[in-house]
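Chemist: Please find one structure pasted underneath; my questions will follow.
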Amino acid sequence: MSEAKYTSARIAEIAGGELVGPGDLPVNGVAALALAGTDDVSFLGDDRYRPQVMPSAAGVVLIPARGFDEPPPAGRAWVKCANPGAAFAGLVPLFVPPPLEYPAGVHASAVVHPAAVVAPTAHIGALAVIEAGARVGANSVIGGGAYLGRDAVVGEDCLIYPNVTIRERCILGNRVTIHSGTVIGSDGFGYEQTPQGHRKVPQVGFVQIDDDVEVGALVAVDRARFGKTWIKRDVKVDNLVQIAHNVVIHEHALIIAQVGISGSTSIGAGCVLAGQAGVAGHLTVGAGTMLGGRGGIIKDAPPGSQLMGMPAVDKREYVKQLTAYKGVERCRKEIADLKAEIAELKALLASRA
Amino acid sequence: MSEAKYTSARIAEIAGGELVGPGDLPVNGVAALALAGTDDVSFLGDDRYRPQVMPSAAGVVLIPARGFDEPPPAGRAWVKCANPGAAFAGLVPLFVPPPLEYPAGVHASAVVHPAAVVAPTAHIGALAVIEAGARVGANSVIGGGAYLGRDAVVGEDCLIYPNVTIRERCILGNRVTIHSGTVIGSDGFGYEQTPQGHRKVPQVGFVQIDDDVEVGALVAVDRARFGKTWIKRDVKVDNLVQIAHNVVIHEHALIIAQVGISGSTSIGAGCVLAGQAGVAGHLTVGAGTMLGGRGGIIKDAPPGSQLMGMPAVDKREYVKQLTAYKGVERCRKEIADLKAEIAELKALLASRA
Amino acid sequence: MSEAKYTSARIAEIAGGELVGPGDLPVNGVAALALAGTDDVSFLGDDRYRPQVMPSAAGVVLIPARGFDEPPPAGRAWVKCANPGAAFAGLVPLFVPPPLEYPAGVHASAVVHPAAVVAPTAHIGALAVIEAGARVGANSVIGGGAYLGRDAVVGEDCLIYPNVTIRERCILGNRVTIHSGTVIGSDGFGYEQTPQGHRKVPQVGFVQIDDDVEVGALVAVDRARFGKTWIKRDVKVDNLVQIAHNVVIHEHALIIAQVGISGSTSIGAGCVLAGQAGVAGHLTVGAGTMLGGRGGIIKDAPPGSQLMGMPAVDKREYVKQLTAYKGVERCRKEIADLKAEIAELKALLASRA
């Protein structure tokens, strides 16, 4: 092994913890307990991972100051910390490459229409397309192969990853991040039935995404039928989410992976929709509502609702639903007992007739 | 405010309705009640939105000719219409930019193989790739960054949005629209188990998409194992849908967002599969079947089925399933009552012994 | 019809089967029973398709050597085979175009950074982007419009389809296939709550994909918060799957379309997660576990589990849950009967008082 980046003693010092064990162990990386090698530092951040500490190969483990009393085996060391998770987060940057830098300027291979406006401090990556009338604000990054449609607007300090598609007239605020593959401004799904087949209802609105929003990879955000589909400030959207036309998602909401939100529905501020959940169309979900994984909201929800299941109900009601089938077995047993008792009574009565 | 585009009086005239309130209100846009500003016209198309009319900021609201009797507050106006929704749809085009135009020709940055055939009236966008043997028909649009594989065919009047991928030998008819990010012709998922691991079953078929089909954003349509995966005329597919190898979707079906259809399944004409639903493999779903949101079909369904739930059952059966857990509570209450009655009877009998 | 590619007699010979019917029928293609034309050969591989044999237009059908005794109608022929499915698989290559060839070299329109390393035998397609420090191994293919980020590594004999995005520092082994639209290395979804809103937790790890893995279209694989998200050897992932940060999927697992796996979860070797299933975060799913379609695992699962439902339970328990609602109806009927009996007893007792 070449010169180690750090020693266990130095790690304890940086973490502000108390070293238990040798101080000269080499530390070259950070890793979770289950995946760590002998020259990694790891941490016990949650009691559920306690059984992984001893079998882990991690040379150094940050452990809680109290409650973990086993000494380290030979060749390993603990560092006792008030908050191992926070201390570990502080170590991570020591071992990772610096974030990518995006120099100002337009890559020679990018296609920027003469009628587009790109800030001199913006970075336009290789083979990106910026159509006529589009604008890219100061310090924003448009990744390689990304597409910015006619009259679309990207504000300042945005990070648009490679192969994102932003269609015409969509508007992004400042400090917006969009991950690869995501499509902003595809047509909403709307047809009228006619004897000749489906006739498309024109989808002539746009999408507005406000400041500090982050949208994951492979998310579809449909443009409005008219007016706008609107994702408000500080909303965070995970991967593979469907956001239909005319949806409004209010500030600070968290939309976890594979959620689907149907057309014209409003998601209140601070809501959390867990993975694979869904919300039907034309509904109002009140602020602060929590919807469990795979939950499905099919009627308006008052603010602060705690919902689970499909169709979603209050989480206490959900528990009743889940356990009901056991009640059926108990009922059948008790009914059989009652039958026997009644038969006995009948026999007794008959004997006395 | 600069000169308004329209006045409330002019809007009433265009909508063919009766103005109630001032005729000189400025109208510069269209919007839903909840999002409208003072110079927008909005509409009451469905009774569920009635409570939004008075709180809305919309300066002008199209209301039904009968049944909405509150007068407009100061500075606002109503327009009474026989059908406010239809009248509103007629107003929308006044306020939206004209649709994008795609001039005929190949963008200088596009890569069109010399052995590809592109109609002179077709539009090939910036940085699109058209591989050898591929054909693009009259008036069709291939958006920026889109990819058309070897020997793939796009018919006439098609609209292929930016960053779509159409792989080799897939065939699209006329007036087909494909939204951004979608992948047509990825390999089907098929492996044989061997002692050495999974061995890929070659997926040598293609995808055929017939006239007037629209496919949303980020949809995956796998090529057939052999023969073709087939989406027939006038089928409409929403975003993030999975269509596996050898699936056939018959005319006019509607496949809503995030649905998954497993391999070799046939979806009948005019079926509607609602959001996040699924259909298992090798099944036949009869024409006109309606599958509710998140429903899951796991056996053949006769034509005209009305299905809900997972596994999907007739919707009346589904309602029974949903409410069964309440029946359990009632049963337990009644069993307790019966126990008490029997105990009473026993005591009575004992007292008479 | 022009000269046929094969005759029914020649097909029987190649298939190693016994011809029943005329030997001079023309055969120009392969197709499933339901889609075949008169000059196609088809097969009966599974008894469920037996009713399709007679109505099929297929001129030639491979049938099992025993158990199918109806003679072919005029103008059609059967070929009796020991294993019709295997025999058919052997015929398919006769009728399909040869697989695409990817000549060694970099397309003139691709953008390969001077500090990238591309093997001379690799193929870099039109308008692909290879960033600084990235490496592409011998015989690997990077499709048109695909993006390979800074310091990313693609091993030997890999097939990266058009419009794939592989972000910085991600590492692929040998013989890895990635289908179009897929995103490898998007940021994990992690935020801390602060009074000012969500603060992003840096996602500084990477994704490692080992030898012989195949990943379908439009799959999102998030990079690790630190360390790596890891897909091990011979894992096969279908389309539209979500794989969150720090997930580990062990050897040979099969992950079917639209599955979601939450952060830091470990999926054991040889597991099968069926379509639209999900697994919550920070869980360990034991080797060989089978999770049914739409199932949802919310706690650790021991090796060899057979799970269904949401939340997932043992499949026998699941069947009980599904049928419980019928038990409720029976209970209510039996309770009514008991009530009647008790009323009778009471009346009898009263009459004797």
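Scheme for the structure tokens: letters A, B, ... for chains in order shown; per-chain residue numbers from 1; ligand numbers from 1 in order shown.
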Mind running chain B against chain A at 8 Å and telling me each contacting residue's nearest atom pair with the distance in Å (one decimal), counting only C-alpha atoms, chain and number ascending, as JSON lines?
Modeler:
```
{"residue": "B:Val30", "atom": "CA", "partner": "A:Gly227", "partner_atom": "CA", "distance": 6.6}
{"residue": "B:Ala31", "atom": "CA", "partner": "A:Gly227", "partner_atom": "CA", "distance": 5.2}
{"residue": "B:Ala32", "atom": "CA", "partner": "A:Gly227", "partner_atom": "CA", "distance": 7.3}
{"residue": "B:Val92", "atom": "CA", "partner": "A:Phe226", "partner_atom": "CA", "distance": 7.1}
{"residue": "B:Val96", "atom": "CA", "partner": "A:Val204", "partner_atom": "CA", "distance": 6.5}
{"residue": "B:Pro97", "atom": "CA", "partner": "A:Val204", "partner_atom": "CA", "distance": 8.0}
{"residue": "B:Ser109", "atom": "CA", "partner": "A:Val111", "partner_atom": "CA", "distance": 7.6}
{"residue": "B:Ala126", "atom": "CA", "partner": "A:Val129", "partner_atom": "CA", "distance": 6.9}
{"residue": "B:Leu127", "atom": "CA", "partner": "A:Leu127", "partner_atom": "CA", "distance": 7.1}
{"residue": "B:Gly144", "atom": "CA", "partner": "A:Val129", "partner_atom": "CA", "distance": 7.2}
{"residue": "B:Gly145", "atom": "CA", "partner": "A:Gly145", "partner_atom": "CA", "distance": 7.1}
{"residue": "B:Pro162", "atom": "CA", "partner": "A:Thr165", "partner_atom": "CA", "distance": 7.0}
{"residue": "B:Asn163", "atom": "CA", "partner": "A:Thr165", "partner_atom": "CA", "distance": 7.0}
{"residue": "B:His179", "atom": "CA", "partner": "A:Ser186", "partner_atom": "CA", "distance": 6.5}
{"residue": "B:Ser180", "atom": "CA", "partner": "A:Val183", "partner_atom": "CA", "distance": 6.5}
{"residue": "B:Gly181", "atom": "CA", "partner": "A:Gly181", "partner_atom": "CA", "distance": 6.5}
{"residue": "B:Gly216", "atom": "CA", "partner": "A:Ser186", "partner_atom": "CA", "distance": 7.5}
{"residue": "B:Ala217", "atom": "CA", "partner": "A:Ala220", "partner_atom": "CA", "distance": 6.4}
{"residue": "B:Leu218", "atom": "CA", "partner": "A:Leu218", "partner_atom": "CA", "distance": 6.9}
{"residue": "B:Asp234", "atom": "CA", "partner": "A:Gly197", "partner_atom": "CA", "distance": 6.6}
{"residue": "B:Asp238", "atom": "CA", "partner": "A:Phe189", "partner_atom": "CA", "distance": 6.2}
{"residue": "B:Asn239", "atom": "CA", "partner": "A:Ala220", "partner_atom": "CA", "distance": 6.8}
{"residue": "B:Leu240", "atom": "CA", "partner": "A:Gln242", "partner_atom": "CA", "distance": 7.2}
{"residue": "B:His252", "atom": "CA", "partner": "A:Gly197", "partner_atom": "CA", "distance": 6.6}
{"residue": "B:Ala257", "atom": "CA", "partner": "A:Gln242", "partner_atom": "CA", "distance": 7.2}
{"residue": "B:Gln258", "atom": "CA", "partner": "A:Gly260", "partner_atom": "CA", "distance": 7.4}
{"residue": "B:Gly275", "atom": "CA", "partner": "A:Gly260", "partner_atom": "CA", "distance": 7.8}
{"residue": "B:Gln276", "atom": "CA", "partner": "A:Gly260", "partner_atom": "CA", "distance": 7.7}
{"residue": "B:Tyr325", "atom": "CA", "partner": "A:Ala324", "partner_atom": "CA", "distance": 5.1}
{"residue": "B:Val328", "atom": "CA", "partner": "A:Val328", "partner_atom": "CA", "distance": 6.2}
{"residue": "B:Cys331", "atom": "CA", "partner": "A:Cys331", "partner_atom": "CA", "distance": 7.0}
{"residue": "B:Arg332", "atom": "CA", "partner": "A:Cys331", "partner_atom": "CA", "distance": 6.4}
{"residue": "B:Ile335", "atom": "CA", "partner": "A:Ile335", "partner_atom": "CA", "distance": 7.1}
{"residue": "B:Leu338", "atom": "CA", "partner": "A:Leu338", "partner_atom": "CA", "distance": 7.9}
{"residue": "B:Lys339", "atom": "CA", "partner": "A:Leu338", "partner_atom": "CA", "distance": 7.1}
{"residue": "B:Ile342", "atom": "CA", "partner": "A:Ile342", "partner_atom": "CA", "distance": 7.4}
{"residue": "B:Lys346", "atom": "CA", "partner": "A:Leu345", "partner_atom": "CA", "distance": 7.3}
```
Chemist: Create the file for the chosen residues now, containing N, CA and C atoms and written as an mmCIF file, in the first residue's frame.
Modeler:
```cif
data_model
loop_
_atom_site.group_PDB
_atom_site.id
_atom_site.type_symbol
_atom_site.label_atom_id
_atom_site.label_comp_id
_atom_site.auth_asym_id
_atom_site.auth_seq_id
_atom_site.Cartn_x
_atom_site.Cartn_y
_atom_site.Cartn_z
ATOM 1 N N VAL B 30 -55.966 33.613 -20.633
ATOM 2 C CA VAL B 30 -56.898 32.597 -20.161
ATOM 3 C C VAL B 30 -56.241 31.840 -19.013
ATOM 4 N N ALA B 31 -57.029 31.438 -18.022
ATOM 5 C CA ALA B 31 -56.445 30.693 -16.906
ATOM 6 C C ALA B 31 -57.539 29.970 -16.144
ATOM 7 N N ALA B 32 -57.157 28.912 -15.422
ATOM 8 C CA ALA B 32 -58.079 28.230 -14.521
ATOM 9 C C ALA B 32 -58.441 29.187 -13.383
ATOM 10 N N VAL B 92 -59.318 30.136 -26.041
ATOM 11 C CA VAL B 92 -57.910 29.841 -25.753
ATOM 12 C C VAL B 92 -56.971 30.236 -26.903
ATOM 13 N N VAL B 96 -52.797 32.363 -27.123
ATOM 14 C CA VAL B 96 -51.567 31.569 -27.093
ATOM 15 C C VAL B 96 -50.765 31.822 -28.361
ATOM 16 N N PRO B 97 -49.441 31.666 -28.238
ATOM 17 C CA PRO B 97 -48.615 31.852 -29.416
ATOM 18 C C PRO B 97 -48.996 30.812 -30.472
ATOM 19 N N SER B 109 -26.374 20.810 -38.713
ATOM 20 C CA SER B 109 -25.669 20.013 -37.693
ATOM 21 C C SER B 109 -26.194 18.582 -37.600
ATOM 22 N N ALA B 126 -31.742 20.125 -35.337
ATOM 23 C CA ALA B 126 -30.327 20.225 -34.992
ATOM 24 C C ALA B 126 -29.860 18.955 -34.283
ATOM 25 N N LEU B 127 -28.724 18.434 -34.709
ATOM 26 C CA LEU B 127 -28.050 17.320 -34.036
ATOM 27 C C LEU B 127 -28.897 16.044 -33.972
ATOM 28 N N GLY B 144 -34.728 17.976 -32.606
ATOM 29 C CA GLY B 144 -33.308 18.080 -32.272
ATOM 30 C C GLY B 144 -32.866 16.936 -31.378
ATOM 31 N N GLY B 145 -31.718 16.352 -31.703
ATOM 32 C CA GLY B 145 -31.165 15.307 -30.843
ATOM 33 C C GLY B 145 -31.877 13.975 -30.925
ATOM 34 N N PRO B 162 -37.818 16.200 -29.745
ATOM 35 C CA PRO B 162 -36.387 16.101 -29.444
ATOM 36 C C PRO B 162 -36.053 14.931 -28.514
ATOM 37 N N ASN B 163 -34.885 14.368 -28.733
ATOM 38 C CA ASN B 163 -34.320 13.335 -27.864
ATOM 39 C C ASN B 163 -35.136 12.052 -27.794
ATOM 40 N N HIS B 179 -43.378 11.700 -28.115
ATOM 41 C CA HIS B 179 -42.838 12.758 -27.266
ATOM 42 C C HIS B 179 -41.421 12.445 -26.768
ATOM 43 N N SER B 180 -40.793 13.488 -26.284
ATOM 44 C CA SER B 180 -39.364 13.447 -25.951
ATOM 45 C C SER B 180 -39.015 12.326 -24.970
ATOM 46 N N GLY B 181 -37.830 11.802 -25.139
ATOM 47 C CA GLY B 181 -37.295 10.824 -24.202
ATOM 48 C C GLY B 181 -37.765 9.405 -24.460
ATOM 49 N N GLY B 216 -46.613 9.299 -25.416
ATOM 50 C CA GLY B 216 -46.128 10.351 -24.534
ATOM 51 C C GLY B 216 -44.628 10.317 -24.314
ATOM 52 N N ALA B 217 -44.187 11.061 -23.315
ATOM 53 C CA ALA B 217 -42.766 11.193 -23.001
ATOM 54 C C ALA B 217 -42.288 9.998 -22.187
ATOM 55 N N LEU B 218 -41.046 9.580 -22.425
ATOM 56 C CA LEU B 218 -40.370 8.604 -21.577
ATOM 57 C C LEU B 218 -41.116 7.269 -21.520
ATOM 58 N N ASP B 234 -54.742 4.975 -33.920
ATOM 59 C CA ASP B 234 -55.461 5.877 -33.018
ATOM 60 C C ASP B 234 -55.326 5.485 -31.543
ATOM 61 N N ASP B 238 -49.933 7.607 -22.742
ATOM 62 C CA ASP B 238 -49.467 8.705 -21.889
ATOM 63 C C ASP B 238 -47.983 8.496 -21.524
ATOM 64 N N ASN B 239 -47.469 9.230 -20.572
ATOM 65 C CA ASN B 239 -46.043 9.211 -20.226
ATOM 66 C C ASN B 239 -45.634 7.993 -19.383
ATOM 67 N N LEU B 240 -44.363 7.628 -19.469
ATOM 68 C CA LEU B 240 -43.720 6.677 -18.553
ATOM 69 C C LEU B 240 -44.389 5.307 -18.547
ATOM 70 N N HIS B 252 -57.687 2.544 -30.971
ATOM 71 C CA HIS B 252 -58.415 3.482 -30.111
ATOM 72 C C HIS B 252 -58.187 3.284 -28.611
ATOM 73 N N ALA B 257 -50.800 7.194 -17.877
ATOM 74 C CA ALA B 257 -49.420 7.276 -17.403
ATOM 75 C C ALA B 257 -49.019 6.146 -16.452
ATOM 76 N N GLN B 258 -47.782 5.699 -16.623
ATOM 77 C CA GLN B 258 -47.131 4.749 -15.715
ATOM 78 C C GLN B 258 -47.742 3.353 -15.732
ATOM 79 N N GLY B 275 -54.217 5.140 -14.837
ATOM 80 C CA GLY B 275 -52.843 5.388 -14.386
ATOM 81 C C GLY B 275 -52.311 4.346 -13.424
ATOM 82 N N GLN B 276 -51.040 3.982 -13.644
ATOM 83 C CA GLN B 276 -50.313 3.055 -12.761
ATOM 84 C C GLN B 276 -50.904 1.654 -12.759
ATOM 85 N N TYR B 325 -63.626 -4.964 5.612
ATOM 86 C CA TYR B 325 -63.026 -4.844 6.944
ATOM 87 C C TYR B 325 -64.002 -4.208 7.940
ATOM 88 N N VAL B 328 -66.134 -6.939 9.401
ATOM 89 C CA VAL B 328 -65.481 -7.704 10.458
ATOM 90 C C VAL B 328 -65.789 -7.084 11.812
ATOM 91 N N CYS B 331 -69.283 -7.970 12.718
ATOM 92 C CA CYS B 331 -69.370 -9.376 13.118
ATOM 93 C C CYS B 331 -68.919 -9.548 14.564
ATOM 94 N N ARG B 332 -67.825 -8.932 14.915
ATOM 95 C CA ARG B 332 -67.290 -9.134 16.257
ATOM 96 C C ARG B 332 -68.243 -8.585 17.309
ATOM 97 N N ILE B 335 -71.137 -11.064 17.508
ATOM 98 C CA ILE B 335 -70.722 -12.298 18.188
ATOM 99 C C ILE B 335 -70.697 -12.075 19.694
ATOM 100 N N LEU B 338 -74.180 -12.178 20.943
ATOM 101 C CA LEU B 338 -74.687 -13.549 20.985
ATOM 102 C C LEU B 338 -74.134 -14.307 22.184
ATOM 103 N N LYS B 339 -72.864 -14.092 22.451
ATOM 104 C CA LYS B 339 -72.256 -14.750 23.622
ATOM 105 C C LYS B 339 -73.002 -14.379 24.893
ATOM 106 N N ILE B 342 -76.331 -16.117 25.057
ATOM 107 C CA ILE B 342 -76.199 -17.540 25.380
ATOM 108 C C ILE B 342 -75.875 -17.725 26.857
ATOM 109 N N LYS B 346 -77.987 -19.827 29.483
ATOM 110 C CA LYS B 346 -77.403 -20.879 30.334
ATOM 111 C C LYS B 346 -77.727 -20.636 31.796
#
```
Chemist: Among the residues of region 104-332 of chain B, find those DSSP assigns to helix (DSSP H, G or I) from the backbone and print them as a CSV table (one decimal) with C-alpha atoms, in the first residue's frame.
Modeler:
```csv
chain,number,residue,atom,x,y,z
B,315,LYS,CA,-65.8,-3.3,-9.9
B,316,ARG,CA,-68.8,-4.4,-7.8
B,317,GLU,CA,-66.7,-7.1,-6.3
B,318,TYR,CA,-64.0,-4.6,-5.6
B,319,VAL,CA,-66.3,-2.4,-3.6
B,320,LYS,CA,-67.2,-5.5,-1.5
B,321,GLN,CA,-63.5,-6.1,-0.9
B,322,LEU,CA,-62.9,-2.5,0.1
B,323,THR,CA,-65.6,-2.4,2.7
B,324,ALA,CA,-65.2,-6.0,4.0
B,325,TYR,CA,-63.0,-4.8,6.9
B,326,LYS,CA,-65.9,-2.9,8.3
B,327,GLY,CA,-68.0,-6.0,8.2
B,328,VAL,CA,-65.5,-7.7,10.5
B,329,GLU,CA,-66.0,-5.1,13.2
B,330,ARG,CA,-69.8,-5.6,12.9
B,331,CYS,CA,-69.4,-9.4,13.1
B,332,ARG,CA,-67.3,-9.1,16.3
```
Chemist: For Ser8 (chain A), work out the shell of residues within 9 Å, counting only C-alpha atoms and skipping chain neighbours fewer than 5 positions away, then give it as a PyMOL selection string.
Modeler: chain A and resi 13+19+21-27+41+59-60+77-79
Chemist: Could the residues in this selection be written to a file with C-alpha atoms, as an mmCIF file, in the first residue's frame?
Modeler:
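Dumped to again-v4.cif:
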```
data_model
loop_
_atom_site.group_PDB
_atom_site.id
_atom_site.type_symbol
_atom_site.label_atom_id
_atom_site.label_comp_id
_atom_site.auth_asym_id
_atom_site.auth_seq_id
_atom_site.Cartn_x
_atom_site.Cartn_y
_atom_site.Cartn_z
ATOM 1 C CA GLU A 13 -8.862 14.472 15.510
ATOM 2 C CA LEU A 19 -9.833 7.258 19.610
ATOM 3 C CA GLY A 21 -7.441 1.489 19.510
ATOM 4 C CA PRO A 22 -4.321 2.039 17.406
ATOM 5 C CA GLY A 23 -3.635 5.484 15.937
ATOM 6 C CA ASP A 24 -1.563 4.421 12.952
ATOM 7 C CA LEU A 25 -4.194 2.606 10.872
ATOM 8 C CA PRO A 26 -4.281 3.819 7.261
ATOM 9 C CA VAL A 27 -7.517 5.486 6.078
ATOM 10 C CA VAL A 41 -13.616 4.735 7.810
ATOM 11 C CA GLY A 59 -10.481 -0.253 9.842
ATOM 12 C CA VAL A 60 -11.996 2.703 11.645
ATOM 13 C CA ALA A 77 -10.142 1.238 15.928
ATOM 14 C CA TRP A 78 -13.266 3.068 17.105
ATOM 15 C CA VAL A 79 -13.729 6.795 17.335
#
```
Chemist: Write out as a ChimeraX atom specification the set of residues from region 174-294 of chain C that DSSP, computed on the backbone, places in strand (DSSP E or B).
Modeler: /C:177-178,183-186,191-194,197-200,206-209,214-215,220-222,228-231,236-237,242-243,248-249,254-255,260-261,266-267,272-273,278-279,284-285,290-291
Chemist: Find the residues near region 287-293 of chain B: any atom within 7 Å, counting only C-alpha atoms, skip ones fewer than 3 places away on the same chain, and give them as a PyMOL selection string.
Modeler: chain B and resi 268-277+303-308
Chemist: Could the residues in this selection be saved with C-alpha atoms as a PDB file, in the first residue's frame?
Modeler:
```pdb
ATOM      1  CA  GLY B 268     -58.460  -4.985 -27.107  1.00  0.00           C
ATOM      2  CA  ALA B 269     -59.824  -2.109 -29.159  1.00  0.00           C
ATOM      3  CA  GLY B 270     -61.052   0.854 -27.164  1.00  0.00           C
ATOM      4  CA  CYS B 271     -59.736  -0.380 -23.821  1.00  0.00           C
ATOM      5  CA  VAL B 272     -58.859   2.216 -21.185  1.00  0.00           C
ATOM      6  CA  LEU B 273     -56.087   1.332 -18.739  1.00  0.00           C
ATOM      7  CA  ALA B 274     -55.994   4.036 -16.055  1.00  0.00           C
ATOM      8  CA  GLY B 275     -52.843   5.388 -14.386  1.00  0.00           C
ATOM      9  CA  GLN B 276     -50.313   3.055 -12.761  1.00  0.00           C
ATOM     10  CA  ALA B 277     -52.329  -0.004 -13.788  1.00  0.00           C
ATOM     11  CA  PRO B 303     -64.838  -7.781 -23.730  1.00  0.00           C
ATOM     12  CA  GLY B 304     -66.451  -4.910 -21.885  1.00  0.00           C
ATOM     13  CA  SER B 305     -65.034  -5.823 -18.474  1.00  0.00           C
ATOM     14  CA  GLN B 306     -65.137  -3.152 -15.768  1.00  0.00           C
ATOM     15  CA  LEU B 307     -62.217  -3.992 -13.519  1.00  0.00           C
ATOM     16  CA  MET B 308     -60.576  -2.554 -10.435  1.00  0.00           C
TER      17      MET B 308
END
```
